[in-house]
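Enquirer: Input coords_0.pdb, format and content: PDB, C-alpha atoms.
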MODEL        1
ATOM      1  CA  MET W  22      11.197 -14.560  -2.120  1.00  0.00           C
ATOM      2  CA  ASN W  23      10.583 -16.941   0.771  1.00  0.00           C
ATOM      3  CA  THR W  24       8.736 -16.142   3.985  1.00  0.00           C
ATOM      4  CA  ASP W  25      11.879 -16.235   6.181  1.00  0.00           C
ATOM      5  CA  THR W  26      13.564 -13.579   4.034  1.00  0.00           C
ATOM      6  CA  LEU W  27      10.463 -11.376   4.078  1.00  0.00           C
ATOM      7  CA  ASN W  28      10.246 -11.743   7.873  1.00  0.00           C
ATOM      8  CA  ARG W  29      13.875 -10.592   8.116  1.00  0.00           C
ATOM      9  CA  PHE W  30      13.072  -7.546   5.972  1.00  0.00           C
ATOM     10  CA  ALA W  31      10.111  -6.721   8.226  1.00  0.00           C
ATOM     11  CA  ALA W  32      12.162  -7.222  11.396  1.00  0.00           C
ATOM     12  CA  ALA W  33      14.969  -5.010  10.081  1.00  0.00           C
ATOM     13  CA  GLY W  34      12.490  -2.225   9.401  1.00  0.00           C
ATOM     14  CA  ALA W  35      12.023   0.299   6.631  1.00  0.00           C
ATOM     15  CA  ALA W  36      14.800   2.688   7.728  1.00  0.00           C
ATOM     16  CA  THR W  37      17.422  -0.062   7.959  1.00  0.00           C
ATOM     17  CA  VAL W  38      16.367  -1.540   4.617  1.00  0.00           C
ATOM     18  CA  TYR W  39      16.580   1.922   3.027  1.00  0.00           C
ATOM     19  CA  GLU W  40      20.107   2.431   4.425  1.00  0.00           C
ATOM     20  CA  ALA W  41      21.263  -1.064   3.419  1.00  0.00           C
ATOM     21  CA  TYR W  42      19.872  -0.567  -0.077  1.00  0.00           C
ATOM     22  CA  GLY W  43      22.174   2.399  -0.657  1.00  0.00           C
ATOM     23  CA  ARG W  44      19.775   5.046   0.600  1.00  0.00           C
ATOM     24  CA  LYS W  45      17.316   4.382  -2.209  1.00  0.00           C
ATOM     25  CA  GLY W  46      13.639   3.530  -2.260  1.00  0.00           C
ATOM     26  CA  ASP W  47      12.330   5.828   0.459  1.00  0.00           C
ATOM     27  CA  VAL W  48       8.697   6.638  -0.217  1.00  0.00           C
ATOM     28  CA  ASN W  49       7.662  10.231   0.540  1.00  0.00           C
ATOM     29  CA  PRO W  50       7.258  10.516   4.345  1.00  0.00           C
ATOM     30  CA  ALA W  51       3.845  12.130   3.828  1.00  0.00           C
ATOM     31  CA  ILE W  52       2.700   8.536   3.298  1.00  0.00           C
ATOM     32  CA  ARG W  53       2.443   7.250   6.845  1.00  0.00           C
ATOM     33  CA  ARG W  54       0.838   4.534   8.916  1.00  0.00           C
ATOM     34  CA  ILE W  55      -2.926   4.883   9.248  1.00  0.00           C
ATOM     35  CA  SER W  56      -3.732   1.612  11.000  1.00  0.00           C
ATOM     36  CA  SER W  57      -2.239  -1.502  12.573  1.00  0.00           C
ATOM     37  CA  SER W  58       0.999  -1.577  14.515  1.00  0.00           C
ATOM     38  CA  ARG W  59       2.326  -4.494  12.477  1.00  0.00           C
ATOM     39  CA  GLN W  60       5.459  -4.134  10.374  1.00  0.00           C
ATOM     40  CA  ILE W  61       5.039  -5.687   6.952  1.00  0.00           C
ATOM     41  CA  ALA W  62       7.250  -6.833   4.111  1.00  0.00           C
ATOM     42  CA  GLY W  63       6.191  -8.461   0.892  1.00  0.00           C
ATOM     43  CA  PRO W  64       6.042  -8.242  -2.866  1.00  0.00           C
ATOM     44  CA  ALA W  65       4.428  -5.187  -4.435  1.00  0.00           C
ATOM     45  CA  TYR W  66       1.278  -5.595  -6.487  1.00  0.00           C
ATOM     46  CA  CYS W  67       0.959  -2.326  -8.405  1.00  0.00           C
ATOM     47  CA  VAL W  68      -2.323  -0.496  -8.857  1.00  0.00           C
ATOM     48  CA  GLY W  69      -2.696   2.663 -10.926  1.00  0.00           C
ATOM     49  CA  CYS W  70      -5.913   4.510 -10.111  1.00  0.00           C
ATOM     50  CA  ALA W  71      -7.352   7.459 -11.996  1.00  0.00           C
ATOM     51  CA  ILE W  72      -7.636  10.535  -9.780  1.00  0.00           C
ATOM     52  CA  GLY W  73     -10.532  10.001  -7.385  1.00  0.00           C
ATOM     53  CA  ASP W  74     -11.438   6.583  -8.803  1.00  0.00           C
ATOM     54  CA  ASN W  75     -10.728   3.216  -7.155  1.00  0.00           C
ATOM     55  CA  LEU W  76     -12.084   0.694  -9.676  1.00  0.00           C
ATOM     56  CA  ALA W  77      -8.541  -0.593 -10.324  1.00  0.00           C
ATOM     57  CA  LEU W  78      -8.080  -1.157  -6.578  1.00  0.00           C
ATOM     58  CA  HIS W  79     -11.268  -3.230  -6.451  1.00  0.00           C
ATOM     59  CA  ARG W  80      -9.973  -5.342  -9.340  1.00  0.00           C
ATOM     60  CA  ALA W  81      -6.550  -5.702  -7.694  1.00  0.00           C
ATOM     61  CA  VAL W  82      -8.068  -6.963  -4.437  1.00  0.00           C
ATOM     62  CA  ALA W  83      -9.803  -9.678  -6.453  1.00  0.00           C
ATOM     63  CA  GLU W  84      -6.640 -10.628  -8.375  1.00  0.00           C
ATOM     64  CA  ALA W  85      -3.713 -10.218  -5.942  1.00  0.00           C
ATOM     65  CA  SER W  86      -2.138 -13.200  -4.229  1.00  0.00           C
ATOM     66  CA  ALA W  87      -2.001 -13.826  -0.514  1.00  0.00           C
ATOM     67  CA  GLY W  88       1.004 -12.039   0.965  1.00  0.00           C
ATOM     68  CA  ASP W  89       1.061  -9.286  -1.668  1.00  0.00           C
ATOM     69  CA  ILE W  90       1.181  -5.648  -0.633  1.00  0.00           C
ATOM     70  CA  LEU W  91      -0.982  -3.444  -2.819  1.00  0.00           C
ATOM     71  CA  VAL W  92       0.880  -0.278  -3.799  1.00  0.00           C
ATOM     72  CA  VAL W  93      -1.553   2.285  -5.144  1.00  0.00           C
ATOM     73  CA  ALA W  94      -0.839   5.340  -7.289  1.00  0.00           C
ATOM     74  CA  GLY W  95      -3.608   7.678  -6.170  1.00  0.00           C
ATOM     75  CA  HIS W  96      -1.839  10.891  -7.243  1.00  0.00           C
ATOM     76  CA  GLY W  97      -1.903  12.225  -3.693  1.00  0.00           C
ATOM     77  CA  ALA W  98      -5.597  12.980  -4.129  1.00  0.00           C
ATOM     78  CA  GLU W  99      -7.909  13.446  -1.165  1.00  0.00           C
ATOM     79  CA  TYR W 100     -10.424  10.727  -1.920  1.00  0.00           C
ATOM     80  CA  GLY W 101     -11.100   7.610   0.130  1.00  0.00           C
ATOM     81  CA  TYR W 102      -9.453   5.114  -2.226  1.00  0.00           C
ATOM     82  CA  LEU W 103      -9.767   2.468   0.493  1.00  0.00           C
ATOM     83  CA  GLY W 104     -12.341   2.041   3.227  1.00  0.00           C
ATOM     84  CA  ASP W 105     -13.401  -0.663   5.628  1.00  0.00           C
ATOM     85  CA  ILE W 106     -15.404  -2.747   3.129  1.00  0.00           C
ATOM     86  CA  LEU W 107     -12.571  -2.976   0.594  1.00  0.00           C
ATOM     87  CA  ALA W 108     -10.064  -3.587   3.402  1.00  0.00           C
ATOM     88  CA  GLU W 109     -12.236  -6.445   4.675  1.00  0.00           C
ATOM     89  CA  ALA W 110     -12.144  -8.000   1.191  1.00  0.00           C
ATOM     90  CA  ALA W 111      -8.357  -7.549   1.046  1.00  0.00           C
ATOM     91  CA  MET W 112      -7.942  -9.259   4.421  1.00  0.00           C
ATOM     92  CA  ALA W 113     -10.130 -12.160   3.299  1.00  0.00           C
ATOM     93  CA  ARG W 114      -7.856 -12.608   0.260  1.00  0.00           C
ATOM     94  CA  GLY W 115      -4.748 -12.674   2.481  1.00  0.00           C
ATOM     95  CA  ILE W 116      -3.324  -9.377   1.218  1.00  0.00           C
ATOM     96  CA  ALA W 117      -0.603  -8.307   3.661  1.00  0.00           C
ATOM     97  CA  GLY W 118      -1.312  -4.561   3.549  1.00  0.00           C
ATOM     98  CA  ILE W 119      -1.842  -1.516   1.369  1.00  0.00           C
ATOM     99  CA  VAL W 120       0.257   1.575   0.631  1.00  0.00           C
ATOM    100  CA  VAL W 121      -1.749   4.408  -0.979  1.00  0.00           C
ATOM    101  CA  ASP W 122      -0.336   7.587  -2.486  1.00  0.00           C
ATOM    102  CA  GLY W 123      -3.626   9.284  -1.676  1.00  0.00           C
ATOM    103  CA  SER W 124      -6.151   9.176   1.123  1.00  0.00           C
ATOM    104  CA  VAL W 125      -8.263   6.489   2.741  1.00  0.00           C
ATOM    105  CA  ARG W 126     -11.295   6.578   5.005  1.00  0.00           C
ATOM    106  CA  ASP W 127     -12.993   4.628   7.809  1.00  0.00           C
ATOM    107  CA  ALA W 128      -9.893   4.981  10.010  1.00  0.00           C
ATOM    108  CA  ALA W 129     -11.534   3.706  13.189  1.00  0.00           C
ATOM    109  CA  GLU W 130     -12.654   0.527  11.438  1.00  0.00           C
ATOM    110  CA  LEU W 131      -9.259   0.002   9.775  1.00  0.00           C
ATOM    111  CA  ILE W 132      -7.641   0.277  13.213  1.00  0.00           C
ATOM    112  CA  ARG W 133     -10.207  -2.092  14.761  1.00  0.00           C
ATOM    113  CA  MET W 134      -9.580  -4.578  11.934  1.00  0.00           C
ATOM    114  CA  ASP W 135      -5.797  -4.360  12.512  1.00  0.00           C
ATOM    115  CA  PHE W 136      -5.278  -4.186   8.746  1.00  0.00           C
ATOM    116  CA  PRO W 137      -1.946  -2.536   7.792  1.00  0.00           C
ATOM    117  CA  VAL W 138      -2.529   0.653   5.765  1.00  0.00           C
ATOM    118  CA  TRP W 139      -0.164   3.500   4.885  1.00  0.00           C
ATOM    119  CA  ALA W 140      -1.564   6.600   3.137  1.00  0.00           C
ATOM    120  CA  ARG W 141      -1.115  10.364   2.784  1.00  0.00           C
ATOM    121  CA  GLY W 142      -4.122  11.011   4.970  1.00  0.00           C
ATOM    122  CA  LEU W 143      -7.813  10.590   5.576  1.00  0.00           C
ATOM    123  CA  ALA W 144     -10.675  11.877   3.441  1.00  0.00           C
ATOM    124  CA  ILE W 145     -14.395  11.260   3.725  1.00  0.00           C
ATOM    125  CA  ARG W 146     -14.912  11.977   0.020  1.00  0.00           C
ATOM    126  CA  GLY W 147     -15.651   8.658  -1.661  1.00  0.00           C
ATOM    127  CA  ALA W 148     -13.968   7.475  -4.835  1.00  0.00           C
ATOM    128  CA  THR W 149     -15.863   6.723  -8.026  1.00  0.00           C
ATOM    129  CA  LYS W 150     -15.651   3.399  -9.825  1.00  0.00           C
ATOM    130  CA  ASN W 151     -15.629   4.440 -13.484  1.00  0.00           C
ATOM    131  CA  GLN W 152     -12.032   4.413 -14.769  1.00  0.00           C
ATOM    132  CA  PRO W 153     -10.254   1.085 -15.367  1.00  0.00           C
ATOM    133  CA  GLY W 154      -6.833   2.303 -14.250  1.00  0.00           C
ATOM    134  CA  SER W 155      -4.051  -0.272 -14.400  1.00  0.00           C
ATOM    135  CA  ILE W 156      -3.002  -3.387 -12.520  1.00  0.00           C
ATOM    136  CA  GLY W 157       0.434  -4.943 -12.560  1.00  0.00           C
ATOM    137  CA  GLU W 158       2.124  -2.136 -14.476  1.00  0.00           C
ATOM    138  CA  PRO W 159       4.881   0.021 -12.954  1.00  0.00           C
ATOM    139  CA  ILE W 160       3.590   3.053 -11.055  1.00  0.00           C
ATOM    140  CA  ASP W 161       4.907   6.037  -9.131  1.00  0.00           C
ATOM    141  CA  CYS W 162       4.065   5.997  -5.444  1.00  0.00           C
ATOM    142  CA  GLY W 163       5.366   8.731  -3.170  1.00  0.00           C
ATOM    143  CA  GLY W 164       8.101   9.677  -5.623  1.00  0.00           C
ATOM    144  CA  ILE W 165       9.377   6.132  -6.104  1.00  0.00           C
ATOM    145  CA  ARG W 166       8.964   3.986  -9.214  1.00  0.00           C
ATOM    146  CA  VAL W 167       7.481   0.634  -8.161  1.00  0.00           C
ATOM    147  CA  ALA W 168       7.113  -2.525 -10.251  1.00  0.00           C
ATOM    148  CA  ASN W 169       5.274  -5.738  -9.456  1.00  0.00           C
ATOM    149  CA  GLY W 170       7.436  -7.967  -7.297  1.00  0.00           C
ATOM    150  CA  ASP W 171       9.559  -5.164  -5.802  1.00  0.00           C
ATOM    151  CA  ILE W 172       9.867  -5.669  -2.046  1.00  0.00           C
ATOM    152  CA  VAL W 173       7.858  -3.306   0.141  1.00  0.00           C
ATOM    153  CA  VAL W 174       8.884  -2.801   3.770  1.00  0.00           C
ATOM    154  CA  ALA W 175       6.616  -0.626   5.899  1.00  0.00           C
ATOM    155  CA  ASP W 176       6.580   0.270   9.590  1.00  0.00           C
ATOM    156  CA  ASP W 177       6.327   3.289  11.913  1.00  0.00           C
ATOM    157  CA  ASP W 178       9.282   4.961  10.149  1.00  0.00           C
ATOM    158  CA  GLY W 179       7.637   4.829   6.729  1.00  0.00           C
ATOM    159  CA  VAL W 180       7.834   2.786   3.550  1.00  0.00           C
ATOM    160  CA  ALA W 181      10.893   1.539   1.650  1.00  0.00           C
ATOM    161  CA  ILE W 182      10.852  -0.112  -1.768  1.00  0.00           C
ATOM    162  CA  VAL W 183      13.599  -2.490  -2.922  1.00  0.00           C
ATOM    163  CA  GLU W 184      13.761  -3.380  -6.628  1.00  0.00           C
TER     164      GLU W 184
ENDMDL
END
Show this structure as structure tokens.
Expert:
Amino acid sequence: MNTDTLNRFAAAGAATVYEAYGRKGDVNPAIRRISSSRQIAGPAYCVGCAIGDNLALHRAVAEASAGDILVVAGHGAEYGYLGDILAEAAMARGIAGIVVDGSVRDAAELIRMDFPVWARGLAIRGATKNQPGSIGEPIDCGGIRVANGDIVVADDDGVAIVE
């Protein structure tokens, strides 16, 4: 999908995209903006993490393309799947943002960095790096099935996924 189309998705906003898509693709509203006031739209890059483990997310940051939005299945767990150091690496790779069905940490730094992050909440408990998880395979995030390349639209209203 070209940049102009993605910019139109972002400008329309998550709620409008959800409505236009037949009221489908609304990610659980418990997943909300943690940092950055920017609206984003882009292709999903799916990451399946084991509960409390973010090794797959580290691998995804190294493999995703610029403009991708990492969509992370974190099982709603209260572990810091993402923090400032991993977010800094994601920004350097040109990743557009991250949606985590779980928690993140280092909120003040994420806000200072202006890196777009949506998550269920904040948790100081760090994640381990022992389980390989999955990258690029369909996942469930906030009650929605997401596959690589699905369009993610995220803003103050929440997150919408378009197949």
Enquirer: Which residues, written as a list in words, have at least one atom at most 10 Å from W:Ala33, with only C-alpha atoms counted and residues fewer than 4 positions away on the same chain left out?
Expert: Leu27, Asn28, Arg29, Thr37, Val38, Ala41, Gln60, Ala62, Val174 and Asp176 of chain W
Enquirer: Closest to W:Ala144 among W:His79, W:Arg126, W:Arg53, W:Arg44, using all atoms listed in the file?
Expert: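 Selected residue with least distance to W:Ala144: W:Arg126.
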Enquirer: Might you spell out which residues the PyMOL selection byres ((chain W and resi 82-86) around 9) would select in the displayed file, as a list in words?
Expert: Tyr66, Ala77, Leu78, His79, Arg80, Ala81, Ala87, Gly88, Asp89, Ile90, Leu91, Leu107, Ala108, Ala110, Ala111, Arg114, Gly115 and Ile116 of chain W
Enquirer: Would you output that residue set with C-alpha atoms, as an mmCIF file, keeping the file's coordinate frame?
Expert:
data_model
loop_
_atom_site.group_PDB
_atom_site.id
_atom_site.type_symbol
_atom_site.label_atom_id
_atom_site.label_comp_id
_atom_site.auth_asym_id
_atom_site.auth_seq_id
_atom_site.Cartn_x
_atom_site.Cartn_y
_atom_site.Cartn_z
ATOM 1 C CA TYR W 66 1.278 -5.595 -6.487
ATOM 2 C CA ALA W 77 -8.541 -0.593 -10.324
ATOM 3 C CA LEU W 78 -8.080 -1.157 -6.578
ATOM 4 C CA HIS W 79 -11.268 -3.230 -6.451
ATOM 5 C CA ARG W 80 -9.973 -5.342 -9.340
ATOM 6 C CA ALA W 81 -6.550 -5.702 -7.694
ATOM 7 C CA ALA W 87 -2.001 -13.826 -0.514
ATOM 8 C CA GLY W 88 1.004 -12.039 0.965
ATOM 9 C CA ASP W 89 1.061 -9.286 -1.668
ATOM 10 C CA ILE W 90 1.181 -5.648 -0.633
ATOM 11 C CA LEU W 91 -0.982 -3.444 -2.819
ATOM 12 C CA LEU W 107 -12.571 -2.976 0.594
ATOM 13 C CA ALA W 108 -10.064 -3.587 3.402
ATOM 14 C CA ALA W 110 -12.144 -8.000 1.191
ATOM 15 C CA ALA W 111 -8.357 -7.549 1.046
ATOM 16 C CA ARG W 114 -7.856 -12.608 0.260
ATOM 17 C CA GLY W 115 -4.748 -12.674 2.481
ATOM 18 C CA ILE W 116 -3.324 -9.377 1.218
#
Enquirer: Taking the file above as input, evaluate the PyMOL selection byres ((chain W and resi 102) around 7) and report the hits as a PyMOL selection string.
Expert: chain W and resi 75+100-101+103-104+124-125+148
Enquirer: Which neighbours of W:Ile160 fall inside 7 Å, counting only C-alpha atoms, when residues of the same chain fewer than 2 positions from it are skipped, and could you give them as a ChimeraX atom specification?
Expert: /W:67,69,94,158,162,166-168
Enquirer: Applying 10 Å and only C-alpha atoms, which residues near stretch 135-138 of chain W remain after dropping the ones on its own chain fewer than 2 positions away? List them as a PDB file with C-alpha atoms, keeping the file's coordinate frame.
Expert:
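For reference, around.pdb as written:
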ATOM      1  CA  ILE W  52       2.700   8.536   3.298  1.00  0.00           C
ATOM      2  CA  ARG W  53       2.443   7.250   6.845  1.00  0.00           C
ATOM      3  CA  ARG W  54       0.838   4.534   8.916  1.00  0.00           C
ATOM      4  CA  ILE W  55      -2.926   4.883   9.248  1.00  0.00           C
ATOM      5  CA  SER W  56      -3.732   1.612  11.000  1.00  0.00           C
ATOM      6  CA  SER W  57      -2.239  -1.502  12.573  1.00  0.00           C
ATOM      7  CA  SER W  58       0.999  -1.577  14.515  1.00  0.00           C
ATOM      8  CA  ARG W  59       2.326  -4.494  12.477  1.00  0.00           C
ATOM      9  CA  GLN W  60       5.459  -4.134  10.374  1.00  0.00           C
ATOM     10  CA  ILE W  61       5.039  -5.687   6.952  1.00  0.00           C
ATOM     11  CA  ILE W  90       1.181  -5.648  -0.633  1.00  0.00           C
ATOM     12  CA  LEU W  91      -0.982  -3.444  -2.819  1.00  0.00           C
ATOM     13  CA  LEU W 103      -9.767   2.468   0.493  1.00  0.00           C
ATOM     14  CA  ASP W 105     -13.401  -0.663   5.628  1.00  0.00           C
ATOM     15  CA  ALA W 108     -10.064  -3.587   3.402  1.00  0.00           C
ATOM     16  CA  GLU W 109     -12.236  -6.445   4.675  1.00  0.00           C
ATOM     17  CA  ALA W 111      -8.357  -7.549   1.046  1.00  0.00           C
ATOM     18  CA  MET W 112      -7.942  -9.259   4.421  1.00  0.00           C
ATOM     19  CA  ILE W 116      -3.324  -9.377   1.218  1.00  0.00           C
ATOM     20  CA  ALA W 117      -0.603  -8.307   3.661  1.00  0.00           C
ATOM     21  CA  GLY W 118      -1.312  -4.561   3.549  1.00  0.00           C
ATOM     22  CA  ILE W 119      -1.842  -1.516   1.369  1.00  0.00           C
ATOM     23  CA  VAL W 120       0.257   1.575   0.631  1.00  0.00           C
ATOM     24  CA  VAL W 121      -1.749   4.408  -0.979  1.00  0.00           C
ATOM     25  CA  VAL W 125      -8.263   6.489   2.741  1.00  0.00           C
ATOM     26  CA  ALA W 128      -9.893   4.981  10.010  1.00  0.00           C
ATOM     27  CA  ALA W 129     -11.534   3.706  13.189  1.00  0.00           C
ATOM     28  CA  GLU W 130     -12.654   0.527  11.438  1.00  0.00           C
ATOM     29  CA  LEU W 131      -9.259   0.002   9.775  1.00  0.00           C
ATOM     30  CA  ILE W 132      -7.641   0.277  13.213  1.00  0.00           C
ATOM     31  CA  ARG W 133     -10.207  -2.092  14.761  1.00  0.00           C
ATOM     32  CA  ALA W 140      -1.564   6.600   3.137  1.00  0.00           C
ATOM     33  CA  ALA W 175       6.616  -0.626   5.899  1.00  0.00           C
ATOM     34  CA  ASP W 176       6.580   0.270   9.590  1.00  0.00           C
TER      35      ASP W 176
END
Enquirer: Taking into account only C-alpha atoms, which residue in the set W:Gly123, W:Gly179, W:Pro159, W:Gly95 is nearest to W:Gly46?
Expert: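 Using only C-alpha atoms, W:Gly46 sits closest to W:Gly179.
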Enquirer: My list of candidates is W:Val93, W:Met134, W:Ala98, W:Ile145. Which is closest to W:Ile72 when distances are computed with all atoms listed in the file?
Expert: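 Using all atoms listed in the file, W:Ile72 sits closest to W:Ala98.
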Enquirer: When you draw a straight line from atom CA of W:Ile182 to atom CA of W:Thr149, how long is it in Å?
Expert: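 Spanning atom CA of W:Ile182 to atom CA of W:Thr149 is a straight-line distance of 28.3 Å.
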Enquirer: What is the distance, in Å and to one decimal place, between atom CA of W:Met22 and atom CA of W:Tyr42?
Expert: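 Computed distance, atom CA of W:Met22 to atom CA of W:Tyr42, equals 16.6 Å.
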Enquirer: Please indicate the distance in Å from atom CA of W:Pro153 to atom CA of W:Gly97, rounded to one decimal place.
Expert: 18.2 Å
Enquirer: Using all atoms listed in the file, find the one residue out of W:Asn23, W:Asn49, W:Asp127, W:Asn169 that sits nearest to W:Val68.
Expert: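 Closest residue, counting all atoms listed in the file: W:Asn169.
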Enquirer: Check the smallest atom-to-atom distance from each of W:Asp171, W:Asp178, W:Asp161, W:Glu184 to W:Ala65 using all atoms listed in the file, then report the winner.
Expert: W:Asp171
Enquirer: With the file shown as input, list the residues that the PyMOL selection byres ((chain W and resi 48) around 6) selects, as a ChimeraX atom specification.
Expert: /W:47,49,163,165,180-181
Enquirer: Which is closer to W:Phe30 than all the others in W:Val183, W:Cys70, W:Leu76, W:Leu143, using all atoms listed in the file?
Expert: W:Val183
